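Asker: Below is the file target.pdb, which contains PDB, C-alpha atoms and all ligand atoms.
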```pdb
ATOM      1  CA  MET A  27     -28.836 132.233 144.142
ATOM      2  CA  LEU A  28     -26.868 129.871 141.916
ATOM      3  CA  LEU A  29     -23.559 131.315 140.731
ATOM      4  CA  GLN A  30     -22.668 130.127 137.220
ATOM      5  CA  LEU A  31     -18.978 130.231 136.283
ATOM      6  CA  PRO A  32     -17.703 129.646 132.749
ATOM      7  CA  ASP A  33     -14.328 128.015 133.382
ATOM      8  CA  PRO A  34     -12.192 126.068 135.877
ATOM      9  CA  GLU A  35     -10.005 129.090 136.625
ATOM     10  CA  SER A  36     -12.846 131.169 138.035
ATOM     11  CA  ALA A  37     -14.213 128.089 139.829
ATOM     12  CA  GLN A  38     -10.835 127.552 141.480
ATOM     13  CA  ARG A  39     -10.785 131.171 142.712
ATOM     14  CA  TRP A  40     -14.309 130.804 144.147
ATOM     15  CA  CYS A  41     -13.333 127.600 145.970
ATOM     16  CA  GLN A  42     -10.212 129.237 147.390
ATOM     17  CA  GLN A  43     -12.342 132.120 148.676
ATOM     18  CA  GLN A  44     -14.791 129.706 150.314
ATOM     19  CA  ARG A  45     -11.993 127.833 152.077
ATOM     20  CA  ALA A  46     -10.356 131.108 153.151
ATOM     21  CA  ALA A  47     -13.689 132.067 154.736
ATOM     22  CA  GLY A  48     -13.627 128.754 156.661
ATOM     23  CA  ARG A  49     -16.462 127.110 154.697
ATOM     24  CA  SER A  50     -16.460 123.393 153.913
ATOM     25  CA  ILE A  51     -17.004 122.583 150.228
ATOM     26  CA  GLY A  52     -19.014 119.721 148.771
ATOM     27  CA  PHE A  53     -18.403 118.878 145.118
ATOM     28  CA  VAL A  54     -20.471 116.845 142.646
ATOM     29  CA  PRO A  55     -18.846 116.259 139.233
ATOM     30  CA  THR A  56     -21.351 115.611 136.414
ATOM     31  CA  MET A  57     -21.734 115.663 132.660
ATOM     32  CA  GLY A  58     -25.041 117.547 132.913
ATOM     33  CA  ALA A  59     -28.337 116.111 131.617
ATOM     34  CA  LEU A  60     -29.238 116.199 135.279
ATOM     35  CA  HIS A  61     -31.769 113.831 136.781
ATOM     36  CA  GLU A  62     -32.888 112.787 140.236
ATOM     37  CA  GLY A  63     -29.787 110.578 140.623
ATOM     38  CA  HIS A  64     -27.471 113.594 140.282
ATOM     39  CA  LEU A  65     -29.747 115.686 142.470
ATOM     40  CA  SER A  66     -29.635 113.059 145.241
ATOM     41  CA  LEU A  67     -25.841 113.565 145.337
ATOM     42  CA  VAL A  68     -26.252 117.353 145.400
ATOM     43  CA  ARG A  69     -28.791 117.155 148.239
ATOM     44  CA  ARG A  70     -26.424 114.968 150.205
ATOM     45  CA  SER A  71     -23.615 117.464 149.628
ATOM     46  CA  VAL A  72     -25.823 120.395 150.649
ATOM     47  CA  ALA A  73     -26.703 118.555 153.880
ATOM     48  CA  ASP A  74     -23.032 117.743 154.656
ATOM     49  CA  ASN A  75     -21.250 120.984 153.724
ATOM     50  CA  ASP A  76     -21.367 124.768 154.065
ATOM     51  CA  VAL A  77     -21.325 125.259 150.286
ATOM     52  CA  THR A  78     -21.825 122.959 147.312
ATOM     53  CA  CYS A  79     -20.478 123.215 143.801
ATOM     54  CA  VAL A  80     -21.229 121.119 140.727
ATOM     55  CA  SER A  81     -19.199 120.787 137.547
ATOM     56  CA  ILE A  82     -20.863 120.191 134.200
ATOM     57  CA  PHE A  83     -18.534 119.000 131.489
ATOM     58  CA  VAL A  84     -19.280 116.446 128.780
ATOM     59  CA  ASN A  85     -15.776 115.012 128.779
ATOM     60  CA  PRO A  86     -14.732 113.906 125.278
ATOM     61  CA  LEU A  87     -11.798 111.934 126.745
ATOM     62  CA  GLN A  88     -14.125 109.324 128.244
ATOM     63  CA  PHE A  89     -16.290 108.646 125.177
ATOM     64  CA  ASP A  90     -15.165 105.633 123.199
ATOM     65  CA  ASP A  91     -17.974 106.253 120.683
ATOM     66  CA  PRO A  92     -18.124 109.660 118.897
ATOM     67  CA  ALA A  93     -21.846 109.176 118.140
ATOM     68  CA  ASP A  94     -22.538 108.703 121.867
ATOM     69  CA  PHE A  95     -20.644 111.955 122.585
ATOM     70  CA  ARG A  96     -22.627 113.847 119.934
ATOM     71  CA  SER A  97     -26.017 112.525 121.092
ATOM     72  CA  TYR A  98     -25.309 113.121 124.798
ATOM     73  CA  PRO A  99     -28.195 115.309 126.064
ATOM     74  CA  ARG A 100     -27.206 118.933 126.775
ATOM     75  CA  ASP A 101     -29.512 121.584 128.308
ATOM     76  CA  ARG A 102     -27.723 124.289 130.255
ATOM     77  CA  GLU A 103     -30.744 126.243 131.454
ATOM     78  CA  ARG A 104     -32.628 123.215 132.691
ATOM     79  CA  ASN A 105     -29.519 122.044 134.575
ATOM     80  CA  ALA A 106     -29.150 125.441 136.246
ATOM     81  CA  ARG A 107     -32.832 125.518 137.237
ATOM     82  CA  LEU A 108     -32.624 122.071 138.859
ATOM     83  CA  LEU A 109     -29.391 122.890 140.690
ATOM     84  CA  GLU A 110     -30.783 126.151 142.049
ATOM     85  CA  ARG A 111     -33.858 124.307 143.346
ATOM     86  CA  VAL A 112     -31.810 121.836 145.430
ATOM     87  CA  GLY A 113     -29.603 124.507 146.981
ATOM     88  CA  CYS A 114     -26.410 124.233 144.934
ATOM     89  CA  ASP A 115     -24.270 127.384 145.356
ATOM     90  CA  MET A 116     -22.048 127.317 142.296
ATOM     91  CA  VAL A 117     -21.929 125.454 138.982
ATOM     92  CA  PHE A 118     -18.963 125.631 136.664
ATOM     93  CA  LEU A 119     -18.393 124.610 133.075
ATOM     94  CA  GLY A 120     -15.197 123.908 131.207
ATOM     95  CA  SER A 121     -13.503 122.982 127.985
ATOM     96  CA  LEU A 122     -10.570 120.691 127.257
ATOM     97  CA  ALA A 123      -8.416 123.790 126.676
ATOM     98  CA  GLY A 124      -9.541 125.197 130.037
ATOM     99  CA  PHE A 125      -8.784 122.006 131.962
ATOM    100  CA  PHE A 126      -5.562 121.193 130.105
ATOM    101  CA  PRO A 127      -3.998 124.562 129.220
ATOM    102  CA  GLU A 128      -0.584 122.917 128.766
ATOM    103  CA  SER A 129      -1.833 120.725 125.857
ATOM    104  CA  ASP A 130      -2.435 122.483 122.559
ATOM    105  CA  THR A 131      -4.647 119.738 121.109
ATOM    106  CA  ALA A 132      -6.930 117.067 122.576
ATOM    107  CA  GLU A 133      -4.612 114.384 121.157
ATOM    108  CA  ASN A 134      -1.740 115.772 123.240
ATOM    109  CA  ILE A 135      -3.505 115.383 126.570
ATOM    110  CA  PRO A 136      -1.725 112.586 128.430
ATOM    111  CA  LEU A 137      -4.242 110.091 129.799
ATOM    112  CA  GLN A 138      -3.842 108.918 133.398
ATOM    113  CA  ASP A 139      -3.310 105.232 134.116
ATOM    114  CA  PRO A 140      -6.788 104.301 135.369
ATOM    115  CA  GLY A 141      -5.344 101.962 138.013
ATOM    116  CA  PRO A 142      -6.105  98.387 139.043
ATOM    117  CA  HIS A 143      -9.885  98.784 139.251
ATOM    118  CA  ALA A 144     -10.153  99.487 135.527
ATOM    119  CA  ALA A 145      -9.250  95.878 134.697
ATOM    120  CA  GLY A 146     -12.155  93.788 133.406
ATOM    121  CA  LEU A 147     -15.829  94.579 132.647
ATOM    122  CA  GLU A 148     -16.008  98.315 131.773
ATOM    123  CA  GLY A 149     -12.260  98.271 131.145
ATOM    124  CA  ASP A 150     -12.727  95.508 128.541
ATOM    125  CA  CYS A 151     -15.954  96.809 126.968
ATOM    126  CA  ARG A 152     -14.959 100.480 126.788
ATOM    127  CA  PRO A 153     -11.198 100.704 126.230
ATOM    128  CA  GLY A 154      -9.884 104.088 127.363
ATOM    129  CA  HIS A 155     -13.116 105.100 129.071
ATOM    130  CA  LEU A 156     -11.954 104.830 132.678
ATOM    131  CA  ALA A 157      -8.577 106.389 131.794
ATOM    132  CA  GLY A 158     -10.534 109.333 130.343
ATOM    133  CA  VAL A 159     -12.644 109.539 133.500
ATOM    134  CA  ARG A 160      -9.624 109.470 135.801
ATOM    135  CA  THR A 161      -7.812 112.083 133.715
ATOM    136  CA  ILE A 162     -10.637 114.619 133.916
ATOM    137  CA  VAL A 163     -11.547 113.851 137.537
ATOM    138  CA  GLU A 164      -7.938 114.529 138.522
ATOM    139  CA  ARG A 165      -8.241 118.011 136.964
ATOM    140  CA  LEU A 166     -11.632 118.565 138.584
ATOM    141  CA  PHE A 167     -10.221 117.641 142.000
ATOM    142  CA  ARG A 168      -7.285 120.032 141.456
ATOM    143  CA  THR A 169      -9.713 122.773 140.436
ATOM    144  CA  VAL A 170     -11.914 122.458 143.514
ATOM    145  CA  GLY A 171      -9.148 121.515 145.974
ATOM    146  CA  PRO A 172      -9.685 119.834 149.344
ATOM    147  CA  CYS A 173     -13.396 119.102 149.736
ATOM    148  CA  ARG A 174     -15.898 116.297 150.022
ATOM    149  CA  ALA A 175     -16.690 114.826 146.607
ATOM    150  CA  TYR A 176     -19.821 112.794 145.874
ATOM    151  CA  PHE A 177     -20.150 109.971 143.354
ATOM    152  CA  GLY A 178     -22.897 107.479 142.531
ATOM    153  CA  GLU A 179     -22.688 103.754 143.207
ATOM    154  CA  LYS A 180     -24.556 103.292 139.908
ATOM    155  CA  ASP A 181     -21.157 103.629 138.196
ATOM    156  CA  PHE A 182     -19.598 101.098 140.534
ATOM    157  CA  GLN A 183     -16.296 100.484 138.782
ATOM    158  CA  GLN A 184     -15.872 104.213 138.151
ATOM    159  CA  SER A 185     -16.360 104.859 141.872
ATOM    160  CA  LEU A 186     -13.492 102.429 142.625
ATOM    161  CA  VAL A 187     -11.239 104.203 140.118
ATOM    162  CA  VAL A 188     -12.101 107.587 141.629
ATOM    163  CA  GLU A 189     -11.532 106.360 145.191
ATOM    164  CA  ASP A 190      -8.117 105.086 144.117
ATOM    165  CA  LEU A 191      -7.321 108.465 142.542
ATOM    166  CA  ALA A 192      -8.356 110.338 145.710
ATOM    167  CA  ARG A 193      -6.226 108.032 147.847
ATOM    168  CA  ASN A 194      -3.227 108.719 145.598
ATOM    169  CA  MET A 195      -3.804 112.478 145.572
ATOM    170  CA  GLY A 196      -4.484 112.643 149.330
ATOM    171  CA  PHE A 197      -7.779 114.457 148.740
ATOM    172  CA  PRO A 198     -10.742 114.885 148.482
ATOM    173  CA  GLU A 199     -12.820 112.801 150.870
ATOM    174  CA  VAL A 200     -14.983 110.661 148.562
ATOM    175  CA  THR A 201     -18.539 109.709 149.488
ATOM    176  CA  VAL A 202     -20.290 107.120 147.322
ATOM    177  CA  CYS A 203     -24.080 107.429 147.360
ATOM    178  CA  PRO A 204     -26.773 104.824 146.587
ATOM    179  CA  THR A 205     -28.279 104.357 143.138
ATOM    180  CA  SER A 206     -31.439 106.348 142.563
ATOM    181  CA  ARG A 207     -34.051 104.335 140.637
ATOM    182  CA  GLU A 208     -37.238 105.010 138.750
ATOM    183  CA  PRO A 209     -40.362 103.366 140.227
ATOM    184  CA  SER A 210     -39.840 100.462 137.745
ATOM    185  CA  GLY A 211     -36.426  99.833 139.307
ATOM    186  CA  LEU A 212     -34.567 101.172 136.251
ATOM    187  CA  ALA A 213     -31.485 103.044 137.439
ATOM    188  CA  ARG A 214     -31.762 106.717 136.596
ATOM    189  CA  SER A 215     -29.360 107.649 133.820
ATOM    190  CA  SER A 216     -28.870 110.591 131.478
ATOM    191  CA  ARG A 217     -29.157 108.117 128.616
ATOM    192  CA  ASN A 218     -32.670 106.963 129.643
ATOM    193  CA  VAL A 219     -34.170 109.904 127.721
ATOM    194  CA  LEU A 220     -32.787 108.331 124.536
ATOM    195  CA  LEU A 221     -34.990 105.235 125.046
ATOM    196  CA  ASN A 222     -38.397 105.016 123.386
ATOM    197  CA  ASP A 223     -41.349 103.558 125.329
ATOM    198  CA  ILE A 224     -40.742  99.974 124.204
ATOM    199  CA  GLU A 225     -37.018 100.190 124.950
ATOM    200  CA  ARG A 226     -37.681 101.701 128.365
ATOM    201  CA  GLN A 227     -39.994  98.792 129.143
ATOM    202  CA  ARG A 228     -37.292  96.344 127.992
ATOM    203  CA  ALA A 229     -34.724  98.063 130.174
ATOM    204  CA  THR A 230     -36.595  97.038 133.328
ATOM    205  CA  CYS A 231     -35.175  93.510 132.866
ATOM    206  CA  ILE A 232     -31.839  94.828 134.172
ATOM    207  CA  TYR A 233     -33.301  95.485 137.620
ATOM    208  CA  ARG A 234     -35.209  92.192 137.396
ATOM    209  CA  ALA A 235     -31.965  90.324 136.692
ATOM    210  CA  LEU A 236     -30.242  91.997 139.654
ATOM    211  CA  THR A 237     -33.080  91.417 142.108
ATOM    212  CA  ARG A 238     -33.452  87.771 140.981
ATOM    213  CA  ALA A 239     -29.766  87.210 141.633
ATOM    214  CA  ARG A 240     -30.155  88.867 145.031
ATOM    215  CA  ALA A 241     -33.189  86.691 145.822
ATOM    216  CA  ALA A 242     -31.196  83.592 144.827
ATOM    217  CA  TRP A 243     -28.337  84.723 147.068
ATOM    218  CA  ARG A 244     -30.763  85.192 149.941
ATOM    219  CA  ALA A 245     -32.114  81.692 149.267
ATOM    220  CA  GLY A 246     -28.579  80.337 149.696
ATOM    221  CA  VAL A 247     -27.141  80.274 146.150
ATOM    222  CA  ARG A 248     -23.424  81.141 146.276
ATOM    223  CA  ASP A 249     -22.109  79.576 143.073
ATOM    224  CA  ALA A 250     -20.857  82.253 140.677
ATOM    225  CA  GLU A 251     -21.883  80.464 137.486
ATOM    226  CA  ARG A 252     -25.402  79.781 138.806
ATOM    227  CA  LEU A 253     -25.836  83.445 139.792
ATOM    228  CA  ARG A 254     -24.601  84.601 136.385
ATOM    229  CA  ALA A 255     -27.015  82.197 134.682
ATOM    230  CA  ILE A 256     -29.938  83.612 136.685
ATOM    231  CA  MET A 257     -29.085  87.118 135.491
ATOM    232  CA  ARG A 258     -28.549  86.051 131.879
ATOM    233  CA  GLU A 259     -31.908  84.291 131.848
ATOM    234  CA  ALA A 260     -33.764  87.424 132.962
ATOM    235  CA  LEU A 261     -31.838  89.589 130.470
ATOM    236  CA  ASP A 262     -32.448  87.188 127.564
ATOM    237  CA  ALA A 263     -36.167  87.152 128.390
ATOM    238  CA  GLY A 264     -36.109  90.966 128.375
ATOM    239  CA  GLY A 265     -34.771  91.033 124.808
ATOM    240  CA  VAL A 266     -31.732  93.221 125.442
ATOM    241  CA  GLU A 267     -28.292  92.799 123.919
ATOM    242  CA  LEU A 268     -25.988  91.568 126.671
ATOM    243  CA  GLU A 269     -22.464  92.940 127.121
ATOM    244  CA  TYR A 270     -21.891  91.354 130.516
ATOM    245  CA  ALA A 271     -23.748  90.044 133.533
ATOM    246  CA  ASP A 272     -21.056  89.211 136.012
ATOM    247  CA  LEU A 273     -19.960  89.264 139.627
ATOM    248  CA  ARG A 274     -17.060  90.662 141.588
ATOM    249  CA  ASP A 275     -15.945  90.671 145.176
ATOM    250  CA  PRO A 276     -16.771  94.305 146.041
ATOM    251  CA  LEU A 277     -13.973  94.398 148.616
ATOM    252  CA  ALA A 278     -11.221  93.014 146.370
ATOM    253  CA  TRP A 279     -11.596  93.908 142.692
ATOM    254  CA  GLN A 280     -10.280  91.345 140.199
ATOM    255  CA  ALA A 281     -10.124  91.535 136.424
ATOM    256  CA  GLU A 282     -11.365  87.963 136.016
ATOM    257  CA  SER A 283     -14.826  86.533 136.605
ATOM    258  CA  PRO A 284     -14.896  84.679 139.926
ATOM    259  CA  GLN A 285     -15.659  80.947 139.987
ATOM    260  CA  GLY A 286     -17.130  78.645 142.599
ATOM    261  CA  ASN A 287     -18.784  79.702 145.843
ATOM    262  CA  LEU A 288     -18.469  83.391 146.700
ATOM    263  CA  PRO A 289     -18.144  84.960 150.146
ATOM    264  CA  ARG A 290     -19.552  88.312 148.931
ATOM    265  CA  ALA A 291     -20.836  89.490 145.587
ATOM    266  CA  GLN A 292     -21.525  92.632 143.642
ATOM    267  CA  ALA A 293     -23.566  91.838 140.528
ATOM    268  CA  LEU A 294     -22.762  94.089 137.556
ATOM    269  CA  ILE A 295     -24.621  94.339 134.258
ATOM    270  CA  ALA A 296     -24.078  96.167 130.965
ATOM    271  CA  VAL A 297     -26.532  95.899 128.074
ATOM    272  CA  ARG A 298     -27.339  97.641 124.843
ATOM    273  CA  ILE A 299     -30.886  98.508 123.917
ATOM    274  CA  GLY A 300     -30.956  99.882 120.393
ATOM    275  CA  LYS A 301     -28.231 102.542 120.324
ATOM    276  CA  VAL A 302     -28.242 103.057 124.087
ATOM    277  CA  ARG A 303     -25.821 101.390 126.476
ATOM    278  CA  LEU A 304     -26.977 100.985 130.091
ATOM    279  CA  ILE A 305     -25.137  99.745 133.191
ATOM    280  CA  ASP A 306     -26.341  98.873 136.673
ATOM    281  CA  ASN A 307     -25.188  96.881 139.688
ATOM    282  CA  MET A 308     -26.327  95.577 143.055
ATOM    283  CA  ARG A 309     -24.759  94.117 146.154
ATOM    284  CA  LEU A 310     -26.138  90.618 146.650
ATOM    285  CA  ASP A 311     -24.964  89.633 150.116
ATOM    286  CA  ALA A 312     -26.257  90.586 153.523
ATOM    287  CA  ALA A 313     -24.853  94.122 153.462
ATOM    288  CA  GLY A 314     -27.402  94.845 150.710
ATOM    289  CA  SER A 315     -25.210  97.572 149.308
ATOM    290  CA  THR A 316     -21.525  98.338 149.228
ATOM    291  CA  VAL A 317     -22.484 101.792 150.370
ATOM    292  CA  GLY A 318     -21.470 102.138 154.033
ATOM    293  CA  GLU A 319     -18.612  99.677 153.624
ATOM    294  CA  LEU A 320     -14.985 100.084 152.695
ATOM    295  CA  HIS A 321     -14.054  98.760 149.325
ATOM    296  CA  VAL A 322     -10.466  97.765 149.024
ATOM    297  CA  HIS A 323      -7.617  98.902 151.252
ATOM    298  CA  PRO A 324      -8.773 100.827 154.297
ATOM    299  CA  PRO A 325      -9.390 104.107 152.460
ATOM    300  CA  ARG A 326      -9.577 106.831 155.051
ATOM    301  CA  THR A 327     -10.953 109.146 152.414
ATOM    302  CA  VAL A 328     -13.947 107.017 151.501
ATOM    303  CA  ARG A 329     -17.401 106.921 153.003
ATOM    304  CA  ARG A 330     -20.373 105.117 151.597
ATOM    305  CA  THR A 331     -23.850 106.207 152.572
ATOM    306  CA  ALA A 332     -26.857 104.034 153.409
ATOM    307  CA  SER A 333     -28.774 102.460 150.534
ATOM    308  CA  ALA A 334     -32.110 103.839 149.423
ATOM    309  CA  LYS A 335     -34.505 103.407 146.522
ATOM    310  CA  GLY A 336     -35.348 106.862 145.182
TER     311      GLY A 336
HETATM  312  P1  LIG B   1     -22.627 111.518 134.982
HETATM  313  O1  LIG B   1     -23.241 112.847 134.742
HETATM  314  O2  LIG B   1     -23.348 110.397 134.309
HETATM  315  O3  LIG B   1     -21.137 111.506 134.770
HETATM  316  O4  LIG B   1     -22.835 111.215 136.522
HETATM  317  C1  LIG B   1     -22.368 112.103 137.516
HETATM  318  C2  LIG B   1     -22.443 111.430 138.852
HETATM  319  O5  LIG B   1     -23.797 111.051 139.134
HETATM  320  C3  LIG B   1     -21.614 110.134 138.911
HETATM  321  O6  LIG B   1     -20.967 110.055 140.164
HETATM  322  C4  LIG B   1     -22.667 109.072 138.767
HETATM  323  O7  LIG B   1     -22.296 107.844 139.367
HETATM  324  C5  LIG B   1     -23.834 109.698 139.504
HETATM  325  N1  LIG B   1     -25.101 109.077 139.101
HETATM  326  C6  LIG B   1     -25.549 108.863 137.836
HETATM  327  N2  LIG B   1     -26.724 108.208 137.862
HETATM  328  C7  LIG B   1     -27.015 107.994 139.173
HETATM  329  C8  LIG B   1     -28.101 107.357 139.852
HETATM  330  N3  LIG B   1     -29.104 106.808 139.192
HETATM  331  N4  LIG B   1     -28.077 107.337 141.191
HETATM  332  C9  LIG B   1     -27.036 107.892 141.882
HETATM  333  N5  LIG B   1     -25.991 108.504 141.300
HETATM  334  C10 LIG B   1     -25.980 108.552 139.968
END
```
Once you've parsed the file, please lay out its structure as structure tokens.
Answerer:
Amino acid sequence: MLLQLPDPESAQRWCQQQRAAGRSIGFVPTMGALHEGHLSLVRRSVADNDVTCVSIFVNPLQFDDPADFRSYPRDRERNARLLERVGCDMVFLGSLAGFFPESDTAENIPLQDPGPHAAGLEGDCRPGHLAGVRTIVERLFRTVGPCRAYFGEKDFQQSLVVEDLARNMGFPEVTVCPTSREPSGLARSSRNVLLNDIERQRATCIYRALTRARAAWRAGVRDAERLRAIMREALDAGGVELEYADLRDPLAWQAESPQGNLPRAQALIAVRIGKVRLIDNMRLDAAGSTVGELHVHPPRTVRRTASAKG
């Protein structure tokens, strides 16, 4: 039976009870609009832990576009049904007032410094977004307490910010899980339901751009500008509006685009299709995925699981 709790306070009590009873807790933070990508994280948590809890909170602090916040899909009953089916034990909701009782208005909530991994790409395109993510995730971690927390590699830069937060806080243990994809290769996303049929077809060029870059890497191409050009070509042909198609060293994040021959590469893409913004990424070098590897400084708290196409 899925227990549904209305606020962080009651969720915190439940988590304390579980720990007092000696049970390990797995935690999957989400904004709802659940899809197979979220459920793959929940399944992983259920397999790893005695109990699993999920948070559902559409966090206004991380939306740089009010229209995007308003149109974000919300369906509480469907979410609960899906979570129950995959063996989640508890789901909790929240409000800004519930998470930040010390702040009387949303404007008074102090945003966390998102840290070094927020520089560049998402940090440039969505000012304040990763600070908003880090601010709410800090509260979510404090609510649940010591646990294993699961995040998706699909939001690559976000996963680096969250790993950095967990290292600073000393908990939880963060596991980053592979990107779940539709059969077309399109990364599953809550925003995919906002695409019409033509837009959904267009969106498949993102995966094409990533796999072409990976194929080029496997054929020996190492030059950053050449790899970027290969991605841009596929995205232009797909008729999407490009925000970025770039590369980073997955083990040493830098704000700037790398130049010249690369030793390792994570390809990262953001596009707009109509009103919908989509992001995706892929590890190009031999490791195939950054999952299973350590990112930056040896983070004891971080595990990455093996890559899989869902
Ligand atoms: P969201 O509800 O979009 O905030 O996502 C909640 C968690 O699910 C984040 O850790 C995301 O990275 C993860 N996630 C979203 N889409 C996918 C996907 N296609 N595959 C794996 N994880 C995902």
Asker: Which residue, A:Tyr270, A:Phe53, A:Tyr176, A:Tyr233, has the smallest gap to ligand LIG 1 (chain B) when you use all atoms listed in the file?
Answerer: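 Checking each candidate against ligand LIG 1 (chain B), we get A:Tyr176 as the closest.
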Asker: Report the distance between atom CA of Gly52 of chain A and atom CA of Arg104 of chain A in Å, rounded to one decimal place.
Answerer: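 We find that atom CA of Gly52 of chain A and atom CA of Arg104 of chain A lie 21.4 Å from each other.
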Asker: Could the residues of chain A that have an atom at most 9 Å from ligand LIG 1 (chain B) be listed as a tab-separated table, each with its closest atom pair and the distance in Å to one decimal, counting only C-alpha atoms and all ligand atoms and ordered by chain and ascending residue number?
Answerer:
```
residue	atom	partner	partner_atom	distance
A:Val54	CA	B:LIG1	C2	6.9
A:Pro55	CA	B:LIG1	C1	5.7
A:Thr56	CA	B:LIG1	O1	3.7
A:Met57	CA	B:LIG1	O1	3.8
A:Gly58	CA	B:LIG1	O1	5.4
A:Ala59	CA	B:LIG1	O1	6.8
A:Leu60	CA	B:LIG1	O1	6.9
A:His61	CA	B:LIG1	N2	7.6
A:Glu62	CA	B:LIG1	N3	7.2
A:Gly63	CA	B:LIG1	N4	3.7
A:His64	CA	B:LIG1	O5	4.6
A:Leu65	CA	B:LIG1	N5	8.2
A:Ser66	CA	B:LIG1	C9	6.7
A:Leu67	CA	B:LIG1	N5	6.5
A:Ile82	CA	B:LIG1	O1	7.7
A:Phe83	CA	B:LIG1	O1	8.4
A:Val84	CA	B:LIG1	O3	8.0
A:Asn85	CA	B:LIG1	O3	8.8
A:Val159	CA	B:LIG1	O3	8.8
A:Tyr176	CA	B:LIG1	O6	6.4
A:Phe177	CA	B:LIG1	O6	3.3
A:Gly178	CA	B:LIG1	O7	3.2
A:Glu179	CA	B:LIG1	O7	5.6
A:Lys180	CA	B:LIG1	O7	5.1
A:Asp181	CA	B:LIG1	O7	4.5
A:Phe182	CA	B:LIG1	O7	7.4
A:Gln184	CA	B:LIG1	O7	7.5
A:Ser185	CA	B:LIG1	O7	7.1
A:Val202	CA	B:LIG1	O6	7.8
A:Cys203	CA	B:LIG1	C9	6.2
A:Pro204	CA	B:LIG1	C9	5.6
A:Thr205	CA	B:LIG1	N4	3.6
A:Ser206	CA	B:LIG1	N4	3.8
A:Arg207	CA	B:LIG1	N3	5.7
A:Glu208	CA	B:LIG1	N3	8.3
A:Leu212	CA	B:LIG1	N3	8.4
A:Ala213	CA	B:LIG1	N3	4.8
A:Arg214	CA	B:LIG1	N3	3.7
A:Ser215	CA	B:LIG1	N2	4.9
A:Ser216	CA	B:LIG1	O2	6.2
A:Arg217	CA	B:LIG1	O2	8.4
A:Asp306	CA	B:LIG1	N3	8.8
A:Gly336	CA	B:LIG1	N4	8.3
```
Asker: Using the chain letters and numbers from the file, give me the residues hit by the PyMOL selection byres (((chain A and resi 135-138) around 9) and not hetatm), as a PyMOL selection string.
Answerer: chain A and resi 87+122+126+128-134+139-141+154+157-162+164
Asker: Please write the residues from the selection above to a file, keeping C-alpha atoms, as a PDB file, in the frame of the given file.
Answerer:
```
ATOM      1  CA  LEU A  87     -11.798 111.934 126.745  1.00  0.00           C
ATOM      2  CA  LEU A 122     -10.570 120.691 127.257  1.00  0.00           C
ATOM      3  CA  PHE A 126      -5.562 121.193 130.105  1.00  0.00           C
ATOM      4  CA  GLU A 128      -0.584 122.917 128.766  1.00  0.00           C
ATOM      5  CA  SER A 129      -1.833 120.725 125.857  1.00  0.00           C
ATOM      6  CA  ASP A 130      -2.435 122.483 122.559  1.00  0.00           C
ATOM      7  CA  THR A 131      -4.647 119.738 121.109  1.00  0.00           C
ATOM      8  CA  ALA A 132      -6.930 117.067 122.576  1.00  0.00           C
ATOM      9  CA  GLU A 133      -4.612 114.384 121.157  1.00  0.00           C
ATOM     10  CA  ASN A 134      -1.740 115.772 123.240  1.00  0.00           C
ATOM     11  CA  ASP A 139      -3.310 105.232 134.116  1.00  0.00           C
ATOM     12  CA  PRO A 140      -6.788 104.301 135.369  1.00  0.00           C
ATOM     13  CA  GLY A 141      -5.344 101.962 138.013  1.00  0.00           C
ATOM     14  CA  GLY A 154      -9.884 104.088 127.363  1.00  0.00           C
ATOM     15  CA  ALA A 157      -8.577 106.389 131.794  1.00  0.00           C
ATOM     16  CA  GLY A 158     -10.534 109.333 130.343  1.00  0.00           C
ATOM     17  CA  VAL A 159     -12.644 109.539 133.500  1.00  0.00           C
ATOM     18  CA  ARG A 160      -9.624 109.470 135.801  1.00  0.00           C
ATOM     19  CA  THR A 161      -7.812 112.083 133.715  1.00  0.00           C
ATOM     20  CA  ILE A 162     -10.637 114.619 133.916  1.00  0.00           C
ATOM     21  CA  GLU A 164      -7.938 114.529 138.522  1.00  0.00           C
TER      22      GLU A 164
END
```
Asker: Expressed in Å to a single decimal, how great is the separation between atom CA of Arg290 of chain A and atom CA of Ala235 of chain A?
Answerer: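 These atoms are spaced 17.5 Å apart.
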Asker: Around segment 259-263 of chain A, with edges along x, y and z and 5 Å added on all six sides, what centre and edge lengths do you get, in Å to one decimal, as JSON?
Answerer:
```
{"center_x": -34.0, "center_y": 86.9, "center_z": 130.3, "size_x": 14.3, "size_y": 15.3, "size_z": 15.4}
```
Asker: If I take atom CA of Thr237 of chain A and atom CA of Glu189 of chain A, how far is one from the other in Å, to one decimal?
Answerer: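 Taking atom CA of Thr237 of chain A and atom CA of Glu189 of chain A, their separation equals 26.4 Å.
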Asker: Contacts of Val112 of chain A at 8 Å or less, counting all atoms listed in the file, minus same-chain residues fewer than 4 places along, as a list in words?
Answerer: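 That gives Leu65, Val68, Arg69 and Leu108 of chain A.
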Asker: Run the PyMOL selection byres (((chain A and resi 33-44) around 10) and not hetatm) against the file shown and list the residues it catches, as a PyMOL selection string.
Answerer: chain A and resi 29-32+45-51+76-81+116-121+123-125+165-173
Asker: List the residues selected by the PyMOL selection byres (((chain A and resi 296-301) around 8) and not hetatm) in the file shown, writing them as a VMD selection string.
Answerer: chain A and resid 221 225 228 to 229 266 to 271 294 to 295 302 to 306
Asker: Taking into account all atoms listed in the file, which residue in the set A:Pro99, A:Asp249, A:Arg309, A:Ala144 is nearest to Asp190 of chain A?
Answerer: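 Comparing A:Pro99, A:Asp249, A:Arg309, A:Ala144 against Asp190 of chain A, the winner is A:Ala144.
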Asker: Name the residues within 8 Å of (-23.1, 88.0, 152.4), counting all atoms listed in the file in the file's coordinates, and put them as a PyMOL selection string.
Answerer: chain A and resi 289-291+310-313
